[in-house]
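**Q** Just passing along the structure, written as structure tokens.
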Amino acid sequence: MMILLLVLVLLFALILSGAPVYVALGLSSLAYFLSEGIAGVAAAHTMINGLDSFTLSAIPFFILAGHLMNAAGFTERIFTFARALVGWAPGGLGHVNIGASVVFAGMSGAAVADAGGLGAVEIKAMRDAGYERGFSVGVTAASSTIGPIIPPSLPLIVYGVVAEVSIGKLFAAGLLPGLIMAIALMVMVHVTAVRRGFRREAAFSTRFALRAAKSAILPLLTPIIIVGGIVCGVFTPTEAAIAAVAFTTLVGCVLFRTLRWRAILDAMVATVETTASVLMIVASAALFAWVLTANQVADGLASGLLAMTSDKTAVLLLIMAIVFVVGFFMETIAAITILAPLVLPVAMAVGIDPVHLGVVFVLNLMIGLLTPPVGMVLYVLAKVSRTPFEECVRATLPFLVPLFGVLLLLVFVPEIALYLPGLLFED
């Protein structure tokens with residue numbers, strides 16, 4: 001147990017020193033292997049086994065689809081369509097920001113991709129319209145967390161692989177919570193806009209809305225192809241991701257004629273870089289998870305939580321508290337790979353549905369993306385908007401209130417997440 005404690009100290013020391021997450025996880029795990037006299041080849045096999053899943057092959061294709069959509073101009077068309085629909089409301093571009101994130105969520109599946117791609121367009125538009133820089137950054141950061149909840153979702157794919165849960169059920173479970181998140185954030189934008197006296201955009205125009213809808217109809221078909229294909233059993237998640245890449249490439253090259261070979265090559269290079277980073281985290285987290293399993297941490301955690309209470313809701317709240325604290329310091333994919341195997345047994349023991357657990361788990365970690373010191377979305381937006389990191393943190397804090405509200409709603413009303421999976425899938 002002393003060795004495990006030293007490993008944990010080493011892990012957090014490396015993370016706080018600024019080392020990449022996969023380096024911190026890998027080195028701390030390797031230190032345990034060496035201290036226990038376990039051959040290094042065993043560590044290599046453990047990392048390889050952590051990646052041995054066909055479903056994980058969906059990740060690079062979803063990432064590539066997101067990059068291609070940005071390069072093909074899908075992002076601007078979606079933003080214009082959202083502006084036509086809700087830009088007239090108080091705080092109009094704030095609502096547009098959220099609405100565009102909902103649509104883009106059905107394509108990228110990653111909060112950082114949303115913040116880096118769509119966020120750049122949203123913040124520029126809001127600044128040009130005279131919105132405060134802090135408000136623009138705050139609403140963009142908060143709306144980007146919708147991406148990994150509404151399907152497709154890269155974190156839900158990883159959770160499904162680790163927890164051995166149907167990806168289709170997880171995707172269906174995320175749809176209603178994602179829409180509720182959007183509504184909660186729009187209420188927050190409305191209240192802020194009225195209180196601060198933000199000016200309205202131009203009145204709603206049917207002609208503008210129809211023209212924007214016509215321009216965005218093909219981009220809007222992308223989430224229908226992805227989600228509809230998976231839910232209806234036409235595609236596996238990997239096949240759906242490949243279909244999204246093919247559809248985006250066809251539309252961008254042939255119909256829009258905005259996708260050039262150079263842009264495709266740049267998208268591929270960016271995809272390789274992002275995928276390598278994600279899979280290195282998965283592999284090193286699998287190695288660290290082995291260390292925790294070897295020391296029976298899961299059994300100890302289960303015993304400790306069940307000794308405190310056996311109430312389903314109370315156990316879920318305790319699990320969420322643990323996940324929230326870990327989310328301050330650890331990247332989403334790593335946290336899922338490490339924590340899911342630890343908390344799933346105790347959740348199952350008290351009757352918590354693993355699909356429900358997956359949705360609240362990921363939403364909790366999305367809030368972690370908006371909190372320092374890790375807070376990847378904050379770092380991305382600080383770069384995109386050329387805003388000091390500390391200002392990004394202050395601007396985002398008010399928008400954590402509606403997100404926490406939705407998280408608690410899902411904890412206490414699991415039917416919100418479980419309704420669609422129960423409707424669409426037969427056990």
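Identifiers in this document derive from the order of the structure tokens: chains are assigned A, B, ..., residues are numbered from 1 separately in each chain, and ligands are numbered from 1 in order of occurrence.
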Got a sec: who's within 12 Å of Ile367 (chain A), counting only C-alpha atoms, leaving out chain neighbours fewer than 3 positions off, as a ChimeraX atom specification?

**A** /A:111,141-146,148-149,181,320,323-328,331-332,360-364,370-372,374-378,396-397,399-407

**Q** Under the rule of at most 12 Å, produce a per-residue listing of region 252-359 of chain A near region 17-28 of chain A: chain, number, name, the closest pair of atoms, and the distance in Å, as a tab-separated table, using only C-alpha atoms.

**A**
```
residue	atom	partner	partner_atom	distance
A:Ala276	CA	A:Tyr22	CA	10.7
A:Ser277	CA	A:Tyr22	CA	8.0
A:Val278	CA	A:Tyr22	CA	8.8
A:Leu279	CA	A:Tyr22	CA	9.1
A:Met280	CA	A:Tyr22	CA	6.0
A:Ile281	CA	A:Tyr22	CA	4.6
A:Val282	CA	A:Tyr22	CA	8.0
A:Ala283	CA	A:Tyr22	CA	8.1
A:Ser284	CA	A:Gly26	CA	5.0
A:Ala285	CA	A:Leu25	CA	6.2
A:Ala286	CA	A:Leu25	CA	9.2
A:Leu287	CA	A:Gly26	CA	7.1
A:Phe288	CA	A:Leu25	CA	6.2
A:Ala289	CA	A:Leu25	CA	9.5
A:Trp290	CA	A:Leu25	CA	11.4
A:Val291	CA	A:Ser28	CA	9.7
A:Leu292	CA	A:Ser28	CA	11.7
A:Phe329	CA	A:Val21	CA	9.4
A:Met330	CA	A:Val21	CA	7.2
A:Glu331	CA	A:Val21	CA	6.9
A:Thr332	CA	A:Val21	CA	10.2
A:Ile333	CA	A:Val21	CA	10.0
A:Ala334	CA	A:Val21	CA	7.8
A:Ala335	CA	A:Val21	CA	10.2
A:Thr337	CA	A:Leu25	CA	11.4
A:Ile338	CA	A:Leu25	CA	10.1
```

**Q** Only C-alpha atoms, please: the residues just picked out, written as an mmCIF file, in the first residue's frame.

**A**
```
data_model
loop_
_atom_site.group_PDB
_atom_site.id
_atom_site.type_symbol
_atom_site.label_atom_id
_atom_site.label_comp_id
_atom_site.auth_asym_id
_atom_site.auth_seq_id
_atom_site.Cartn_x
_atom_site.Cartn_y
_atom_site.Cartn_z
ATOM 1 C CA ALA A 276 -2.223 9.732 -31.151
ATOM 2 C CA SER A 277 -2.665 11.914 -28.084
ATOM 3 C CA VAL A 278 -6.043 10.364 -27.202
ATOM 4 C CA LEU A 279 -4.873 6.774 -27.683
ATOM 5 C CA MET A 280 -1.665 7.363 -25.730
ATOM 6 C CA ILE A 281 -3.858 8.559 -22.854
ATOM 7 C CA VAL A 282 -6.091 5.474 -23.177
ATOM 8 C CA ALA A 283 -3.087 3.126 -23.231
ATOM 9 C CA SER A 284 -1.297 4.733 -20.279
ATOM 10 C CA ALA A 285 -4.561 4.988 -18.326
ATOM 11 C CA ALA A 286 -5.138 1.272 -18.908
ATOM 12 C CA LEU A 287 -1.700 0.643 -17.432
ATOM 13 C CA PHE A 288 -2.498 2.777 -14.392
ATOM 14 C CA ALA A 289 -5.884 1.063 -14.041
ATOM 15 C CA TRP A 290 -4.029 -2.280 -13.888
ATOM 16 C CA VAL A 291 -1.963 -0.929 -10.981
ATOM 17 C CA LEU A 292 -5.140 0.068 -9.151
ATOM 18 C CA PHE A 329 -6.611 17.389 -12.276
ATOM 19 C CA MET A 330 -7.097 14.754 -14.970
ATOM 20 C CA GLU A 331 -7.992 14.780 -18.645
ATOM 21 C CA THR A 332 -11.420 13.353 -19.546
ATOM 22 C CA ILE A 333 -10.363 10.192 -21.394
ATOM 23 C CA ALA A 334 -7.832 9.259 -18.716
ATOM 24 C CA ALA A 335 -10.366 9.841 -15.946
ATOM 25 C CA THR A 337 -10.434 4.815 -18.309
ATOM 26 C CA ILE A 338 -9.230 4.826 -14.704
#
```

**Q** Taking 2 positions as the minimum chain separation for residues in the same chain, which residues sit within 8 Å of Ser136 (chain A) when counting only C-alpha atoms? Answer as a list in words.

**A**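 These residues fall inside the cut-off: Gly94, Glu122, Ile123, Met126, Arg127, Tyr131, Glu132, Arg133, Gly134, Gly138, Val139 and Thr140 of chain A.
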
**Q** Dump N, CA and C atoms for the selected residues as a PDB file, in the first residue's frame?

**A**
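Writing done, so here's again-v1.pdb:
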```
ATOM      1  N   GLY A  94     -25.701  34.984 -28.018  1.00  0.00           N
ATOM      2  CA  GLY A  94     -25.470  33.964 -26.991  1.00  0.00           C
ATOM      3  C   GLY A  94     -26.316  32.735 -27.255  1.00  0.00           C
ATOM      4  N   GLU A 122     -17.795  31.827 -33.310  1.00  0.00           N
ATOM      5  CA  GLU A 122     -18.774  32.403 -32.381  1.00  0.00           C
ATOM      6  C   GLU A 122     -18.220  33.635 -31.662  1.00  0.00           C
ATOM      7  N   ILE A 123     -17.011  33.532 -31.144  1.00  0.00           N
ATOM      8  CA  ILE A 123     -16.434  34.643 -30.381  1.00  0.00           C
ATOM      9  C   ILE A 123     -16.206  35.858 -31.277  1.00  0.00           C
ATOM     10  N   MET A 126     -19.581  37.529 -31.923  1.00  0.00           N
ATOM     11  CA  MET A 126     -20.096  38.215 -30.747  1.00  0.00           C
ATOM     12  C   MET A 126     -19.300  39.492 -30.461  1.00  0.00           C
ATOM     13  N   ARG A 127     -18.006  39.444 -30.677  1.00  0.00           N
ATOM     14  CA  ARG A 127     -17.195  40.653 -30.473  1.00  0.00           C
ATOM     15  C   ARG A 127     -17.571  41.724 -31.493  1.00  0.00           C
ATOM     16  N   TYR A 131     -20.606  42.501 -28.040  1.00  0.00           N
ATOM     17  CA  TYR A 131     -20.778  41.790 -26.769  1.00  0.00           C
ATOM     18  C   TYR A 131     -19.486  41.869 -25.951  1.00  0.00           C
ATOM     19  N   GLU A 132     -19.628  41.838 -24.636  1.00  0.00           N
ATOM     20  CA  GLU A 132     -18.463  41.841 -23.758  1.00  0.00           C
ATOM     21  C   GLU A 132     -17.609  40.610 -24.016  1.00  0.00           C
ATOM     22  N   ARG A 133     -16.296  40.794 -23.941  1.00  0.00           N
ATOM     23  CA  ARG A 133     -15.390  39.678 -24.208  1.00  0.00           C
ATOM     24  C   ARG A 133     -15.602  38.539 -23.221  1.00  0.00           C
ATOM     25  N   GLY A 134     -15.781  38.866 -21.948  1.00  0.00           N
ATOM     26  CA  GLY A 134     -15.967  37.832 -20.932  1.00  0.00           C
ATOM     27  C   GLY A 134     -17.229  37.023 -21.172  1.00  0.00           C
ATOM     28  N   GLY A 138     -17.354  33.069 -21.928  1.00  0.00           N
ATOM     29  CA  GLY A 138     -18.066  32.232 -20.962  1.00  0.00           C
ATOM     30  C   GLY A 138     -19.131  31.374 -21.610  1.00  0.00           C
ATOM     31  N   VAL A 139     -19.962  31.970 -22.452  1.00  0.00           N
ATOM     32  CA  VAL A 139     -21.034  31.201 -23.081  1.00  0.00           C
ATOM     33  C   VAL A 139     -20.466  30.207 -24.098  1.00  0.00           C
ATOM     34  N   THR A 140     -19.375  30.564 -24.755  1.00  0.00           N
ATOM     35  CA  THR A 140     -18.745  29.635 -25.704  1.00  0.00           C
ATOM     36  C   THR A 140     -18.158  28.430 -24.979  1.00  0.00           C
TER      37      THR A 140
END
```

**Q** Applying 9 Å and only C-alpha atoms, which residues near Arg200 (chain A) remain after dropping the ones on its own chain fewer than 3 positions away? List them as a PyMOL selection string.

**A** chain A and resi 87-93+203

**Q** Please build the interface table for region 107-184 of chain A against region 52-55 of chain A with a cut-off of 12 Å, listing for each qualifying residue the nearest atom pair and the distance in Å to one decimal; count only C-alpha atoms, order rows by chain and increasing number, and write it as a Markdown table.

**A**
```
| residue | atom | partner | partner_atom | distance |
| --- | --- | --- | --- | --- |
| A:Leu154 | CA | A:Thr55 | CA | 10.5 |
| A:Leu156 | CA | A:Thr55 | CA | 11.1 |
| A:Ile157 | CA | A:Thr55 | CA | 7.3 |
| A:Val158 | CA | A:Thr55 | CA | 8.4 |
| A:Tyr159 | CA | A:Thr55 | CA | 10.8 |
| A:Gly160 | CA | A:Thr55 | CA | 8.8 |
| A:Val161 | CA | A:Thr55 | CA | 7.0 |
| A:Val162 | CA | A:Ser53 | CA | 9.6 |
| A:Glu164 | CA | A:Ser53 | CA | 10.7 |
| A:Val165 | CA | A:Thr55 | CA | 11.4 |
| A:Ser166 | CA | A:Thr55 | CA | 10.5 |
| A:Ile167 | CA | A:Thr55 | CA | 8.7 |
| A:Gly168 | CA | A:Thr55 | CA | 11.5 |
```

**Q** With C-alpha atoms retained, could you export that selection as an mmCIF file, in the first residue's frame?

**A**
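The file below, result-v3.cif, is the result:
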```cif
data_model
loop_
_atom_site.group_PDB
_atom_site.id
_atom_site.type_symbol
_atom_site.label_atom_id
_atom_site.label_comp_id
_atom_site.auth_asym_id
_atom_site.auth_seq_id
_atom_site.Cartn_x
_atom_site.Cartn_y
_atom_site.Cartn_z
ATOM 1 C CA LEU A 154 -15.900 10.438 -28.011
ATOM 2 C CA LEU A 156 -19.114 8.047 -24.298
ATOM 3 C CA ILE A 157 -17.396 5.752 -26.804
ATOM 4 C CA VAL A 158 -14.447 5.330 -24.436
ATOM 5 C CA TYR A 159 -16.795 4.776 -21.481
ATOM 6 C CA GLY A 160 -18.748 2.195 -23.474
ATOM 7 C CA VAL A 161 -15.549 0.302 -24.278
ATOM 8 C CA VAL A 162 -14.276 0.391 -20.691
ATOM 9 C CA GLU A 164 -18.726 -2.832 -21.822
ATOM 10 C CA VAL A 165 -21.959 -0.917 -22.389
ATOM 11 C CA SER A 166 -23.808 -0.517 -25.697
ATOM 12 C CA ILE A 167 -22.579 2.572 -27.544
ATOM 13 C CA GLY A 168 -25.980 2.918 -29.191
#
```

**Q** Give me the residues within 9 Å of Thr75 (chain A) as a PDB file with N, CA and C atoms, in the first residue's frame, counting only C-alpha atoms and dropping any in the same chain fewer than 3 places off.

**A**
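That gives us out_18.pdb:
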```
ATOM      1  N   MET A  69     -15.299  19.161 -41.591  1.00  0.00           N
ATOM      2  CA  MET A  69     -16.468  20.048 -41.547  1.00  0.00           C
ATOM      3  C   MET A  69     -16.050  21.502 -41.364  1.00  0.00           C
ATOM      4  N   ASN A  70     -15.054  21.730 -40.530  1.00  0.00           N
ATOM      5  CA  ASN A  70     -14.537  23.089 -40.368  1.00  0.00           C
ATOM      6  C   ASN A  70     -13.937  23.598 -41.673  1.00  0.00           C
ATOM      7  N   ALA A  71     -13.139  22.745 -42.320  1.00  0.00           N
ATOM      8  CA  ALA A  71     -12.477  23.151 -43.559  1.00  0.00           C
ATOM      9  C   ALA A  71     -13.466  23.361 -44.702  1.00  0.00           C
ATOM     10  N   ALA A  72     -14.559  22.602 -44.715  1.00  0.00           N
ATOM     11  CA  ALA A  72     -15.539  22.691 -45.804  1.00  0.00           C
ATOM     12  C   ALA A  72     -16.536  23.829 -45.619  1.00  0.00           C
ATOM     13  N   ILE A  78     -23.772  26.447 -40.314  1.00  0.00           N
ATOM     14  CA  ILE A  78     -24.539  26.094 -39.115  1.00  0.00           C
ATOM     15  C   ILE A  78     -24.747  27.323 -38.240  1.00  0.00           C
ATOM     16  N   PHE A  79     -23.700  28.129 -38.099  1.00  0.00           N
ATOM     17  CA  PHE A  79     -23.805  29.332 -37.281  1.00  0.00           C
ATOM     18  C   PHE A  79     -24.820  30.305 -37.881  1.00  0.00           C
ATOM     19  N   THR A  80     -24.796  30.466 -39.191  1.00  0.00           N
ATOM     20  CA  THR A  80     -25.756  31.358 -39.850  1.00  0.00           C
ATOM     21  C   THR A  80     -27.183  30.859 -39.676  1.00  0.00           C
ATOM     22  N   ALA A 100     -25.860  26.646 -32.183  1.00  0.00           N
ATOM     23  CA  ALA A 100     -24.869  26.117 -33.110  1.00  0.00           C
ATOM     24  C   ALA A 100     -24.087  24.971 -32.480  1.00  0.00           C
ATOM     25  N   PHE A 104     -23.583  21.306 -33.965  1.00  0.00           N
ATOM     26  CA  PHE A 104     -22.217  20.845 -34.188  1.00  0.00           C
ATOM     27  C   PHE A 104     -21.891  19.641 -33.312  1.00  0.00           C
ATOM     28  N   GLY A 117     -12.975  24.957 -33.044  1.00  0.00           N
ATOM     29  CA  GLY A 117     -13.478  25.191 -34.389  1.00  0.00           C
ATOM     30  C   GLY A 117     -14.612  26.188 -34.415  1.00  0.00           C
ATOM     31  N   LEU A 118     -15.758  25.772 -33.895  1.00  0.00           N
ATOM     32  CA  LEU A 118     -16.934  26.628 -33.868  1.00  0.00           C
ATOM     33  C   LEU A 118     -16.728  27.828 -32.954  1.00  0.00           C
ATOM     34  N   VAL A 121     -15.401  31.046 -34.545  1.00  0.00           N
ATOM     35  CA  VAL A 121     -16.419  31.761 -35.318  1.00  0.00           C
ATOM     36  C   VAL A 121     -17.367  32.504 -34.385  1.00  0.00           C
ATOM     37  N   PRO A 219     -25.162  20.190 -44.221  1.00  0.00           N
ATOM     38  CA  PRO A 219     -24.491  19.999 -42.927  1.00  0.00           C
ATOM     39  C   PRO A 219     -25.415  19.446 -41.856  1.00  0.00           C
TER      40      PRO A 219
END
```
